[in-house]
>>> print(open('target_26.txt').read())   # compact mmCIF, C-alpha atoms
# COMPACT_ATOMS: atom_id res chain seq x y z
CA MET C 1 -4.67 -1.18 24.82
CA ARG C 2 -2.78 -4.43 25.13
CA ARG C 3 0.13 -2.90 26.96
CA SER C 4 -0.45 -5.37 29.76
CA VAL C 5 1.07 -8.08 27.57
CA ALA C 6 4.36 -6.27 27.39
CA LEU C 7 4.22 -5.29 31.02
CA THR C 8 3.68 -8.87 32.08
CA ALA C 9 6.60 -9.94 29.95
CA ILE C 10 8.83 -7.36 31.53
CA ALA C 11 7.68 -8.30 34.98
CA THR C 12 8.55 -11.92 34.29
CA ILE C 13 11.95 -10.95 33.04
CA GLY C 14 12.46 -8.86 36.13
CA LEU C 15 11.66 -11.82 38.34
CA THR C 16 14.06 -14.21 36.69
CA GLY C 17 16.92 -11.97 37.62
CA SER C 18 18.81 -13.32 34.63
CA VAL C 19 21.12 -11.55 32.21
CA PHE C 20 18.07 -9.65 31.01
CA ALA C 21 17.50 -8.14 34.39
CA SER C 22 18.59 -4.72 33.21
CA GLN C 23 16.54 -4.74 30.01
CA ILE C 24 14.57 -1.52 29.70
CA ALA C 25 10.93 -1.87 28.70
CA PRO C 26 9.67 0.27 25.79
CA GLU C 27 7.64 2.48 28.08
CA ASN C 28 10.57 3.07 30.40
CA VAL C 29 13.13 4.28 27.90
CA THR C 30 14.45 7.67 28.99
CA PHE C 31 15.09 10.27 26.31
CA VAL C 32 17.35 13.21 26.91
CA ASP C 33 16.14 16.30 25.04
CA ASP C 34 14.22 13.99 22.67
CA ILE C 35 17.40 13.26 20.75
CA GLU C 36 19.46 10.97 22.96
CA VAL C 37 19.01 7.68 24.75
CA PRO C 38 22.35 7.35 26.51
CA ILE C 39 21.74 4.09 28.37
CA SER C 40 21.94 0.72 26.60
CA LEU C 41 18.57 -1.03 26.49
CA THR C 42 20.11 -4.30 27.67
CA GLY C 43 23.42 -3.50 29.31
CA GLN C 44 24.92 -5.97 26.81
CA ALA C 45 27.22 -4.92 24.01
CA GLY C 46 25.62 -5.10 20.58
CA ASP C 47 26.83 -7.62 18.01
CA ALA C 48 27.55 -5.76 14.77
CA ALA C 49 27.46 -8.88 12.60
CA LYS C 50 24.01 -9.78 13.84
CA GLY C 51 22.97 -6.15 13.59
CA ARG C 52 23.89 -6.22 9.91
CA GLU C 53 21.48 -9.12 9.46
CA TRP C 54 18.62 -7.46 11.34
CA TYR C 55 19.22 -4.29 9.37
CA ALA C 56 18.74 -6.07 6.05
CA GLY C 57 16.06 -8.54 7.19
CA ARG C 58 12.66 -7.79 5.73
CA LYS C 59 10.86 -8.96 8.83
CA LEU C 60 12.97 -7.02 11.28
CA GLY C 61 14.61 -3.69 10.66
CA ASN C 62 14.10 -3.75 6.92
CA CYS C 63 16.19 -0.61 7.11
CA LEU C 64 17.44 -1.34 3.61
CA ALA C 65 13.91 -0.80 2.31
CA CYS C 66 14.39 2.92 2.90
CA HIS C 67 18.14 3.45 3.31
CA ALA C 68 20.69 2.68 0.61
CA THR C 69 23.83 1.24 2.19
CA THR C 70 27.05 0.65 0.26
CA ASP C 71 28.25 -1.88 2.82
CA LEU C 72 25.33 -4.11 1.76
CA ASN C 73 25.88 -3.83 -1.96
CA GLU C 74 25.80 -7.60 -2.28
CA LEU C 75 22.04 -7.33 -1.71
CA PRO C 76 19.66 -5.98 -4.35
CA PHE C 77 16.95 -3.39 -3.83
CA HIS C 78 18.15 -0.55 -1.68
CA GLY C 79 15.39 1.95 -1.02
CA GLU C 80 15.61 5.71 -1.25
CA VAL C 81 12.86 6.94 1.06
CA GLY C 82 15.42 7.95 3.72
CA PRO C 83 19.03 9.16 3.43
CA ALA C 84 21.85 6.75 2.54
CA MET C 85 23.43 5.27 5.66
CA ASP C 86 27.01 5.56 4.49
CA GLY C 87 29.00 7.45 7.08
CA VAL C 88 26.10 7.62 9.53
CA ALA C 89 28.48 6.91 12.43
CA ASP C 90 30.30 10.13 11.60
CA ARG C 91 27.07 12.06 11.84
CA TYR C 92 25.55 10.68 15.04
CA GLU C 93 26.67 9.62 18.49
CA GLU C 94 25.62 6.22 19.79
CA ALA C 95 23.05 7.79 22.12
CA GLN C 96 21.48 9.59 19.18
CA LEU C 97 21.39 6.47 17.05
CA ARG C 98 19.63 4.69 19.90
CA ALA C 99 17.06 7.48 20.15
CA ILE C 100 16.41 7.35 16.40
CA LEU C 101 15.93 3.60 16.46
CA VAL C 102 13.80 3.43 19.58
CA ASN C 103 11.39 6.13 18.49
CA SER C 104 12.25 8.10 15.39
CA LYS C 105 9.18 10.30 15.90
CA LYS C 106 10.74 11.85 19.00
CA VAL C 107 13.83 12.80 17.04
CA PHE C 108 12.46 13.74 13.62
CA GLY C 109 8.92 14.72 14.57
CA ASP C 110 5.56 13.04 14.10
CA GLN C 111 5.62 13.42 10.35
CA THR C 112 8.48 11.05 9.67
CA ILE C 113 7.65 7.87 7.82
CA MET C 114 10.38 5.99 9.67
CA PRO C 115 8.85 3.57 12.15
CA GLY C 116 9.82 3.54 15.81
CA PHE C 117 11.40 0.14 16.38
CA TYR C 118 11.06 -0.05 20.14
CA VAL C 119 7.59 1.33 20.81
CA VAL C 120 4.40 -0.58 21.53
CA ASN C 121 1.14 -0.19 19.57
CA PRO C 122 2.01 3.14 17.98
CA GLY C 123 -0.61 3.00 15.21
CA ALA C 124 -4.33 2.23 15.32
CA ARG C 125 -5.49 -1.26 14.26
CA THR C 126 -2.18 -2.97 14.87
CA ALA C 127 -2.66 -6.52 13.60
CA GLY C 128 -3.24 -9.21 16.22
CA ASP C 129 0.14 -10.92 16.17
CA PHE C 130 1.94 -7.63 16.54
CA GLN C 131 -0.08 -6.07 19.33
CA GLY C 132 1.99 -5.35 22.37
CA GLN C 133 5.12 -6.21 20.40
CA THR C 134 7.95 -3.97 19.36
CA ILE C 135 9.32 -4.41 15.81
CA MET C 136 12.71 -5.39 17.17
CA SER C 137 13.80 -6.63 20.57
CA ALA C 138 15.99 -4.56 22.88
CA GLN C 139 19.04 -6.66 22.04
CA GLN C 140 18.36 -6.44 18.32
CA ILE C 141 18.28 -2.65 18.63
CA GLU C 142 21.66 -2.74 20.37
CA ASP C 143 22.99 -5.04 17.64
CA VAL C 144 21.84 -2.66 14.90
CA ILE C 145 23.43 0.27 16.74
CA ALA C 146 26.70 -1.68 16.84
CA TYR C 147 26.39 -2.23 13.10
CA LEU C 148 25.60 1.42 12.39
CA LYS C 149 28.75 2.38 14.32
CA THR C 150 30.80 0.50 11.72
CA LEU C 151 29.40 2.74 8.96
CA THR C 152 32.09 5.40 8.91
CA GLU C 153 33.45 7.15 5.89
CA MET D 1 16.03 -13.02 0.37
CA LYS D 2 12.88 -15.03 0.44
CA CYS D 3 9.43 -13.66 0.20
CA GLY D 4 7.66 -14.01 3.49
CA GLY D 5 4.59 -16.17 3.85
CA LYS D 6 1.09 -14.86 4.19
CA GLY D 7 0.72 -12.23 6.85
CA SER D 8 4.40 -11.57 7.18
CA LEU D 9 6.04 -8.25 6.52
CA ARG D 10 6.35 -7.90 2.83
CA TRP D 11 6.31 -4.22 2.24
CA GLY D 12 8.75 -3.57 -0.47
CA ALA D 13 9.30 -7.27 -1.02
CA GLY D 14 7.01 -8.72 -3.63
CA LEU D 15 8.20 -10.49 -6.70
CA ALA D 16 8.69 -7.21 -8.48
CA LEU D 17 9.76 -8.98 -11.64
CA ALA D 18 10.03 -5.79 -13.55
CA SER D 19 11.86 -3.92 -10.84
CA LEU D 20 14.73 -6.38 -11.13
CA LEU D 21 15.96 -4.02 -13.78
CA VAL D 22 16.60 -1.38 -11.18
CA GLY D 23 20.01 -1.88 -9.69
CA ALA D 24 20.88 -1.52 -6.03
CA GLY D 25 20.59 2.04 -4.87
CA ALA D 26 19.64 3.25 -8.32
CA ALA D 27 18.15 6.69 -8.23
CA TYR D 28 15.02 5.97 -10.19
CA GLY D 29 13.15 8.97 -8.98
CA GLU D 30 10.48 10.43 -11.16
CA PRO D 31 7.77 8.71 -13.16
CA ASN D 32 9.00 7.85 -16.63
CA ASP D 33 7.89 9.81 -19.67
CA ASN D 34 6.36 7.02 -21.69
CA LYS D 35 3.02 7.61 -23.39
CA LEU D 36 0.17 5.22 -22.91
CA VAL D 37 -1.35 4.55 -26.30
CA ILE D 38 -3.73 1.63 -26.73
CA ASP D 39 -5.14 0.82 -30.14
CA GLY D 40 -4.35 4.33 -31.34
CA GLN D 41 -6.05 5.94 -28.35
CA THR D 42 -3.83 8.09 -26.12
CA LEU D 43 -4.70 7.90 -22.45
CA THR D 44 -4.16 10.70 -19.95
CA THR D 45 -1.55 9.50 -17.47
CA GLU D 46 -0.76 12.88 -15.97
CA ALA D 47 -3.11 15.65 -15.00
CA ALA D 48 -3.34 18.72 -12.80
CA ALA D 49 -3.98 17.83 -9.17
CA PRO D 50 -7.59 18.43 -8.12
CA GLU D 51 -8.22 21.15 -5.58
CA GLY D 52 -7.29 20.14 -2.06
CA VAL D 53 -4.93 17.38 -3.16
CA GLU D 54 -1.35 18.06 -2.11
CA LEU D 55 0.42 16.70 -5.15
CA ASP D 56 2.27 18.77 -7.76
CA LYS D 57 0.70 16.74 -10.45
CA LEU D 58 -1.20 13.49 -10.82
CA TYR D 59 0.53 10.53 -12.39
CA SER D 60 -1.09 7.25 -13.18
CA GLY D 61 0.50 4.22 -11.54
CA TRP D 62 1.35 3.05 -15.05
CA ARG D 63 4.03 5.74 -15.27
CA PHE D 64 5.96 4.16 -12.39
CA ARG D 65 6.12 0.69 -13.83
CA SER D 66 9.02 -0.69 -15.83
CA PRO D 67 8.83 -0.50 -19.63
CA GLU D 68 8.27 -4.26 -19.74
CA THR D 69 5.23 -4.11 -17.49
CA GLN D 70 4.00 -0.99 -19.24
CA GLU D 71 4.09 -2.69 -22.58
CA LEU D 72 1.73 -5.43 -21.46
CA GLN D 73 -0.94 -2.78 -21.09
CA THR D 74 -0.43 -1.11 -24.45
CA ASP D 75 -1.52 -4.08 -26.47
CA ASP D 76 -4.82 -5.79 -25.75
CA PHE D 77 -3.51 -9.00 -27.27
CA GLU D 78 -0.71 -9.07 -24.71
CA ASN D 79 -2.72 -7.74 -21.78
CA PRO D 80 -3.20 -10.79 -19.54
CA ALA D 81 -6.38 -9.25 -18.09
CA MET D 82 -8.21 -9.69 -21.37
CA VAL D 83 -9.01 -13.31 -20.64
CA ALA D 84 -11.10 -12.14 -17.69
CA VAL D 85 -12.66 -9.39 -19.81
CA ASP D 86 -13.78 -12.04 -22.29
CA GLN D 87 -15.31 -13.97 -19.44
CA GLY D 88 -17.16 -10.82 -18.39
CA ALA D 89 -18.38 -10.27 -21.92
CA GLU D 90 -19.75 -13.77 -22.04
CA LEU D 91 -21.49 -13.42 -18.67
CA TRP D 92 -23.05 -10.18 -19.94
CA GLY D 93 -25.13 -12.14 -22.40
CA THR D 94 -25.76 -15.18 -20.23
CA VAL D 95 -29.20 -15.68 -18.70
CA ASP D 96 -28.99 -16.38 -14.97
CA GLY D 97 -31.49 -16.38 -12.08
CA SER D 98 -35.22 -17.04 -11.81
CA ALA D 99 -36.23 -13.89 -13.69
CA GLY D 100 -34.72 -15.47 -16.80
CA LYS D 101 -32.67 -12.43 -17.70
CA SER D 102 -29.14 -11.53 -18.64
CA CYS D 103 -27.52 -8.15 -18.26
CA MET D 104 -28.04 -7.76 -21.98
CA SER D 105 -31.81 -8.21 -21.63
CA CYS D 106 -32.10 -4.85 -19.95
CA HIS D 107 -28.89 -3.01 -20.83
CA GLY D 108 -28.39 -4.05 -24.45
CA GLU D 109 -24.86 -3.77 -25.78
CA ALA D 110 -22.46 -2.85 -22.98
CA GLU D 111 -20.33 -0.84 -25.42
CA ALA D 112 -23.11 1.75 -25.48
CA SER D 113 -24.96 1.39 -22.17
CA MET D 114 -21.89 1.03 -19.94
CA LYS D 115 -19.79 3.73 -21.59
CA GLY D 116 -18.59 6.16 -18.92
CA VAL D 117 -20.08 4.21 -16.02
CA ARG D 118 -16.81 3.13 -14.37
CA ALA D 119 -15.50 6.71 -14.43
CA GLY D 120 -18.24 7.84 -12.05
CA TYR D 121 -18.00 5.15 -9.37
CA PRO D 122 -18.45 4.97 -6.41
CA LYS D 123 -21.80 6.64 -7.03
CA TRP D 124 -24.54 7.69 -4.63
CA SER D 125 -27.54 5.37 -4.38
CA ASP D 126 -30.75 6.80 -2.92
CA LYS D 127 -32.08 3.32 -2.62
CA ARG D 128 -29.24 2.13 -0.42
CA GLY D 129 -28.77 5.43 1.37
CA LYS D 130 -25.06 5.02 0.71
CA PRO D 131 -22.71 4.87 -2.24
CA HIS D 132 -22.67 2.00 -4.68
CA THR D 133 -19.40 0.58 -5.81
CA LEU D 134 -19.50 -1.08 -9.20
CA GLU D 135 -19.53 -4.40 -7.36
CA THR D 136 -22.57 -3.62 -5.21
CA GLN D 137 -24.41 -2.08 -8.16
CA ILE D 138 -23.87 -5.21 -10.23
CA ASN D 139 -24.98 -7.40 -7.35
CA GLU D 140 -28.10 -5.28 -6.90
CA CYS D 141 -28.99 -6.02 -10.52
CA ARG D 142 -28.29 -9.68 -9.99
CA THR D 143 -30.26 -10.17 -6.80
CA ASP D 144 -33.12 -7.67 -7.22
CA ARG D 145 -33.60 -7.70 -10.97
CA MET D 146 -32.35 -11.08 -12.14
CA GLU D 147 -33.21 -13.00 -8.98
CA ALA D 148 -29.79 -14.56 -9.16
CA ASP D 149 -27.17 -15.05 -6.45
CA ALA D 150 -24.87 -12.21 -5.61
CA TRP D 151 -21.28 -12.68 -6.71
CA LYS D 152 -18.52 -12.59 -4.15
CA TRP D 153 -16.39 -9.45 -4.21
CA GLU D 154 -13.20 -11.09 -5.42
CA SER D 155 -14.78 -13.91 -7.46
CA SER D 156 -13.64 -14.42 -11.02
CA ASN D 157 -17.17 -13.63 -12.23
CA MET D 158 -17.24 -10.30 -10.41
CA LEU D 159 -13.71 -9.39 -11.50
CA GLY D 160 -14.47 -10.37 -15.07
CA MET D 161 -17.64 -8.28 -15.07
CA THR D 162 -16.11 -5.20 -13.41
CA ALA D 163 -13.21 -5.43 -15.87
CA PHE D 164 -15.59 -5.75 -18.81
CA VAL D 165 -17.83 -2.91 -17.64
CA GLY D 166 -14.77 -0.82 -16.76
CA LEU D 167 -13.24 -1.32 -20.18
CA GLN D 168 -16.21 0.51 -21.72
CA SER D 169 -14.93 3.68 -20.00
CA ARG D 170 -11.28 3.26 -20.92
CA GLY D 171 -9.77 6.61 -21.83
CA MET D 172 -12.51 8.64 -20.17
CA PRO D 173 -11.59 10.90 -17.25
CA VAL D 174 -12.33 9.73 -13.72
CA LYS D 175 -14.96 11.99 -12.22
CA VAL D 176 -16.87 11.14 -9.06
CA GLN D 177 -19.38 13.08 -7.06
CA THR D 178 -17.95 14.34 -3.78
CA ASP D 179 -20.60 16.81 -2.68
CA GLY D 180 -24.16 16.39 -1.47
CA PRO D 181 -24.71 13.04 0.25
CA MET D 182 -21.22 11.95 -0.85
CA ALA D 183 -19.52 14.69 1.16
CA GLN D 184 -19.39 12.79 4.42
CA TRP D 185 -18.15 9.63 2.71
CA HIS D 186 -15.46 11.64 1.01
CA ALA D 187 -14.45 13.19 4.34
CA LYS D 188 -14.32 9.79 5.98
CA GLY D 189 -12.15 8.43 3.17
CA LYS D 190 -9.82 11.36 3.50
CA GLU D 191 -9.51 10.83 7.21
CA LEU D 192 -8.64 7.16 6.69
CA TYR D 193 -6.07 8.10 4.06
CA PHE D 194 -4.16 10.23 6.51
CA THR D 195 -4.53 8.03 9.59
CA ARG D 196 -1.44 6.13 10.65
CA VAL D 197 -2.10 2.49 11.27
CA GLY D 198 -0.33 -0.71 12.15
CA GLN D 199 2.83 -1.60 13.98
CA LEU D 200 4.76 0.34 11.35
CA ASN D 201 2.53 3.31 12.11
CA MET D 202 2.12 4.62 8.58
CA SER D 203 -0.67 6.25 6.63
CA CYS D 204 -1.43 5.85 2.95
CA ALA D 205 -0.16 9.40 2.53
CA ASN D 206 3.25 8.57 4.00
CA CYS D 207 4.02 6.37 1.03
CA HIS D 208 1.78 7.51 -1.80
CA GLN D 209 1.71 11.27 -1.25
CA GLU D 210 5.00 12.07 0.45
CA ASN D 211 7.29 9.50 -1.12
CA TYR D 212 5.94 8.62 -4.52
CA GLY D 213 8.62 8.31 -7.15
CA LYS D 214 11.07 6.75 -4.71
CA MET D 215 12.11 3.14 -4.38
CA ILE D 216 10.98 1.36 -1.24
CA ARG D 217 13.09 -1.75 -1.35
CA ALA D 218 12.20 -3.31 -4.73
CA ASP D 219 9.10 -1.24 -5.36
CA HIS D 220 8.82 2.06 -7.16
CA LEU D 221 6.22 3.98 -5.18
CA SER D 222 3.35 5.44 -7.19
CA GLN D 223 0.67 7.86 -6.06
CA GLY D 224 -1.63 4.93 -5.37
CA HIS D 225 -4.42 5.77 -7.81
CA ILE D 226 -7.25 3.39 -8.62
CA ASN D 227 -8.00 4.38 -12.20
CA GLY D 228 -6.76 1.02 -13.49
CA PHE D 229 -8.85 -1.32 -11.33
CA PRO D 230 -9.51 -4.12 -11.40
CA VAL D 231 -5.83 -4.57 -12.25
CA TYR D 232 -3.98 -7.62 -13.40
CA ARG D 233 -1.07 -8.06 -11.04
CA LEU D 234 1.75 -10.30 -12.14
CA LYS D 235 2.32 -11.10 -8.49
CA TRP D 236 -1.30 -12.19 -8.05
CA GLY D 237 -1.32 -14.01 -11.38
CA GLY D 238 -4.76 -12.57 -11.98
CA LEU D 239 -7.11 -9.68 -11.50
CA GLY D 240 -7.76 -8.02 -8.17
CA SER D 241 -10.06 -5.30 -6.91
CA SER D 242 -8.92 -2.00 -5.43
CA HIS D 243 -10.11 -3.23 -2.04
CA ARG D 244 -7.75 -6.17 -2.33
CA ARG D 245 -4.91 -3.72 -2.88
CA PHE D 246 -5.96 -1.59 0.10
CA LYS D 247 -6.01 -4.74 2.20
CA GLY D 248 -2.51 -5.71 1.04
CA CYS D 249 -1.10 -2.27 1.78
CA MET D 250 -2.60 -2.33 5.27
CA GLU D 251 -1.28 -5.82 5.95
CA ASN D 252 2.18 -4.80 4.86
CA ILE D 253 2.29 -2.18 7.57
CA ARG D 254 1.01 -4.78 10.02
CA ALA D 255 -2.45 -3.28 10.44
CA THR D 256 -5.71 -5.22 10.59
CA PRO D 257 -7.30 -4.36 7.25
CA PHE D 258 -10.93 -3.43 6.83
CA LYS D 259 -13.09 -5.90 4.93
CA ARG D 260 -13.66 -5.72 1.22
CA GLY D 261 -16.88 -3.82 0.66
CA SER D 262 -16.82 -2.33 4.17
CA ASP D 263 -17.99 1.26 4.61
CA GLU D 264 -14.37 2.19 5.35
CA PHE D 265 -13.05 0.78 2.09
CA VAL D 266 -15.94 2.28 0.11
CA ALA D 267 -15.11 5.68 1.63
CA LEU D 268 -11.44 5.17 0.86
CA GLU D 269 -12.27 4.13 -2.70
CA LEU D 270 -14.34 7.28 -3.16
CA TYR D 271 -11.59 9.48 -1.77
CA LEU D 272 -8.94 7.82 -3.92
CA ALA D 273 -11.11 8.15 -7.02
CA SER D 274 -11.48 11.87 -6.28
CA ARG D 275 -7.70 12.22 -5.84
CA GLY D 276 -7.27 10.76 -9.31
CA ALA D 277 -9.95 12.88 -11.00
CA GLY D 278 -8.87 13.73 -14.51
CA LEU D 279 -6.73 10.67 -15.10
CA SER D 280 -8.08 8.27 -17.71
CA VAL D 281 -9.82 5.10 -16.69
CA GLU D 282 -7.26 2.41 -17.63
CA THR D 283 -9.24 -0.66 -16.75
CA PRO D 284 -7.93 -3.29 -16.99
CA SER D 285 -4.37 -2.20 -16.23
CA VAL D 286 -1.31 -4.34 -15.57
CA ARG D 287 0.94 -4.02 -12.54
CA ASN D 288 3.85 -6.01 -11.15
>>> encode(input="target_26.txt", output="structure tokens")
Amino acid sequence: MRRSVALTAIATIGLTGSVFASQIAPENVTFVDDIEVPISLTGQAGDAAKGREWYAGRKLGNCLACHATTDLNELPFHGEVGPAMDGVADRYEEAQLRAILVNSKKVFGDQTIMPGFYVVNPGARTAGDFQGQTIMSAQQIEDVIAYLKTLTE
Amino acid sequence: MKCGGKGSLRWGAGLALASLLVGAGAAYGEPNDNKLVIDGQTLTTEAAAPEGVELDKLYSGWRFRSPETQELQTDDFENPAMVAVDQGAELWGTVDGSAGKSCMSCHGEAEASMKGVRAGYPKWSDKRGKPHTLETQINECRTDRMEADAWKWESSNMLGMTAFVGLQSRGMPVKVQTDGPMAQWHAKGKELYFTRVGQLNMSCANCHQENYGKMIRADHLSQGHINGFPVYRLKWGGLGSSHRRFKGCMENIRATPFKRGSDEFVALELYLASRGAGLSVETPSVRN
């Protein structure tokens, strides 16, 4: 396990006492009833415009690969592996959205194909560059949540 | 929307030339109903699922491609893989190695001697004490019988030869041995198929068993069969082995792939062949 990498990183962040001081490490995220993560991962408000970018970006959320999203109709290739995201903010509270993003397996069960975006080394044989890394950073998760909250119907 | 460089996350990216036809959010769903007829021969692109395989029905990957890509495979004059097949045919009759032999010296015309061979691979080898893939079998003939150098797995010579040998089985049903000494290899392949790997934490089954028929970004997910290999991929601009495809799929979910020819990939190849039992060999097929 290369968890130490992440732990060291967090420790460093903790020491700097900067704006990131309150960032919650992947292993320290607290779930309530497996369906809610009420506390922001960074204590900083998410930026919906950036979140929209992460959501569509192939190297980050790549959410669009699985979720069709009318708000992003200017982009081609919306996937259909998961449900359409239109109106998702009407269906879920912020704390639930955070839980789904951090670790979808907790919410939907182990069988879901949706990756957990704020977990470390979930699968065997994680490729070198990605070991000890989450798919998105804590702030990126908050940004995507802010974007999802704009998806009302 | 750029394609990432090597090693970056490209699942669902690709060039997907053909998939450009599919509009944003289009519900593409099921495999299409087109029939695969080559030179008057109708190939079996759907079949009952073999026992123990949790699919309603088997569908060849061909059925998930766009009509434009499909068409390239229905006409041998348009099939871009045929250049490599011709190269294989030429190598078949070419003397190489210190024994002064060609494949032809021992096997005669491939059209007769190699008929049905592809359909039964991977195949148990007593001599090796493990299964032979077509690649390792060909290399055994080269090194042990021709006293020639082995070909590299993904070399144009090997791809040309496996395509040429495979073509002699086109239209015949895939049927591999899974019992006896193959049982443990089959079990290992099955285990690998269902094991989640990589930062994206997915198994082959997540995409190819549970979500086939759906779009994942620009790609229309198939059941991931190997009856068409080696395939000509428009994205690759050439032929590639099934192990190359396995490697690509693992990289896309940010997992460290096994090596081509590794025991793991041989086991996976065997398991995948058994999942596709009953589909026609389509070698060499065309994919986007």
>>> interface_residues(input="target_26.txt", of="chain D", to="chain C", cutoff="6 Å", atoms="all atoms listed in the file", output="list in words")
Leu9, Ala24, Gly25, Arg196, Val197, Gly198, Gln199, Leu200, Asn201, Asn206, Lys214, Met215, Ile216, Arg217, Ala218, Arg254, Ala255 and Thr256 of chain D
>>> atom_distance(input="target_26.txt", atom1="atom CA of Ala277 of chain D", atom2="atom CA of Lys57 of chain D")
11.3 Å
>>> atom_distance(input="target_26.txt", atom1="atom CA of Ala47 of chain D", atom2="atom CA of Gly213 of chain D")
15.9 Å
>>> atom_distance(input="target_26.txt", atom1="atom CA of Lys115 of chain D", atom2="atom CA of Gly261 of chain D")
23.7 Å
>>> residues_around(input="target_26.txt", residues="Gly97 of chain D", least_positions_apart="6", cutoff="7 Å", atoms="all atoms listed in the file", output="ChimeraX atom specification")
/D:146-148
>>> closest_residue(input="target_26.txt", among="D:Tyr193, D:Trp62, D:Trp153, D:Tyr212", to="Ser242 of chain D", atoms="all atoms listed in the file")
D:Trp153
>>> closest_residue(input="target_26.txt", among="C:Ala49, C:Ala89, C:Ala95, C:Leu41", to="Pro26 of chain C", atoms="all atoms listed in the file")
C:Leu41
>>> build_atoms(input="target_26.txt", residues="segment 85-98 of chain C", atoms="N, CA, C and O atoms", output="PDB file, in the frame of the given file")
ATOM      1  N   MET C  85      22.853   5.452   4.326  1.00  0.00           N
ATOM      2  CA  MET C  85      23.430   5.270   5.660  1.00  0.00           C
ATOM      3  C   MET C  85      24.946   5.333   5.681  1.00  0.00           C
ATOM      4  O   MET C  85      25.557   5.234   6.751  1.00  0.00           O
ATOM      5  N   ASP C  86      25.547   5.489   4.522  1.00  0.00           N
ATOM      6  CA  ASP C  86      27.010   5.560   4.490  1.00  0.00           C
ATOM      7  C   ASP C  86      27.483   6.713   5.371  1.00  0.00           C
ATOM      8  O   ASP C  86      26.971   7.831   5.273  1.00  0.00           O
ATOM      9  N   GLY C  87      28.419   6.415   6.227  1.00  0.00           N
ATOM     10  CA  GLY C  87      29.000   7.450   7.080  1.00  0.00           C
ATOM     11  C   GLY C  87      28.092   7.921   8.208  1.00  0.00           C
ATOM     12  O   GLY C  87      28.351   8.955   8.822  1.00  0.00           O
ATOM     13  N   VAL C  88      27.050   7.153   8.506  1.00  0.00           N
ATOM     14  CA  VAL C  88      26.100   7.620   9.530  1.00  0.00           C
ATOM     15  C   VAL C  88      26.783   7.730  10.900  1.00  0.00           C
ATOM     16  O   VAL C  88      26.424   8.574  11.722  1.00  0.00           O
ATOM     17  N   ALA C  89      27.785   6.884  11.127  1.00  0.00           N
ATOM     18  CA  ALA C  89      28.480   6.910  12.430  1.00  0.00           C
ATOM     19  C   ALA C  89      29.280   8.202  12.604  1.00  0.00           C
ATOM     20  O   ALA C  89      29.597   8.591  13.725  1.00  0.00           O
ATOM     21  N   ASP C  90      29.622   8.844  11.490  1.00  0.00           N
ATOM     22  CA  ASP C  90      30.300  10.130  11.600  1.00  0.00           C
ATOM     23  C   ASP C  90      29.326  11.260  11.922  1.00  0.00           C
ATOM     24  O   ASP C  90      29.719  12.312  12.393  1.00  0.00           O
ATOM     25  N   ARG C  91      28.066  11.002  11.643  1.00  0.00           N
ATOM     26  CA  ARG C  91      27.070  12.060  11.840  1.00  0.00           C
ATOM     27  C   ARG C  91      26.396  12.020  13.211  1.00  0.00           C
ATOM     28  O   ARG C  91      25.917  13.026  13.702  1.00  0.00           O
ATOM     29  N   TYR C  92      26.285  10.824  13.779  1.00  0.00           N
ATOM     30  CA  TYR C  92      25.550  10.680  15.040  1.00  0.00           C
ATOM     31  C   TYR C  92      26.352   9.921  16.090  1.00  0.00           C
ATOM     32  O   TYR C  92      27.072   8.982  15.779  1.00  0.00           O
ATOM     33  N   GLU C  93      26.143  10.343  17.344  1.00  0.00           N
ATOM     34  CA  GLU C  93      26.670   9.620  18.490  1.00  0.00           C
ATOM     35  C   GLU C  93      25.812   8.380  18.730  1.00  0.00           C
ATOM     36  O   GLU C  93      24.649   8.343  18.334  1.00  0.00           O
ATOM     37  N   GLU C  94      26.370   7.442  19.462  1.00  0.00           N
ATOM     38  CA  GLU C  94      25.620   6.220  19.790  1.00  0.00           C
ATOM     39  C   GLU C  94      24.282   6.530  20.453  1.00  0.00           C
ATOM     40  O   GLU C  94      23.258   5.949  20.108  1.00  0.00           O
ATOM     41  N   ALA C  95      24.284   7.464  21.388  1.00  0.00           N
ATOM     42  CA  ALA C  95      23.050   7.790  22.120  1.00  0.00           C
ATOM     43  C   ALA C  95      21.980   8.344  21.177  1.00  0.00           C
ATOM     44  O   ALA C  95      20.779   8.122  21.372  1.00  0.00           O
ATOM     45  N   GLN C  96      22.434   9.040  20.147  1.00  0.00           N
ATOM     46  CA  GLN C  96      21.480   9.590  19.180  1.00  0.00           C
ATOM     47  C   GLN C  96      20.945   8.490  18.269  1.00  0.00           C
ATOM     48  O   GLN C  96      19.760   8.449  17.950  1.00  0.00           O
ATOM     49  N   LEU C  97      21.838   7.600  17.879  1.00  0.00           N
ATOM     50  CA  LEU C  97      21.390   6.470  17.050  1.00  0.00           C
ATOM     51  C   LEU C  97      20.338   5.655  17.803  1.00  0.00           C
ATOM     52  O   LEU C  97      19.327   5.238  17.238  1.00  0.00           O
ATOM     53  N   ARG C  98      20.586   5.467  19.103  1.00  0.00           N
ATOM     54  CA  ARG C  98      19.630   4.690  19.900  1.00  0.00           C
ATOM     55  C   ARG C  98      18.291   5.403  19.942  1.00  0.00           C
ATOM     56  O   ARG C  98      17.239   4.779  19.811  1.00  0.00           O
TER      57      ARG C  98
END
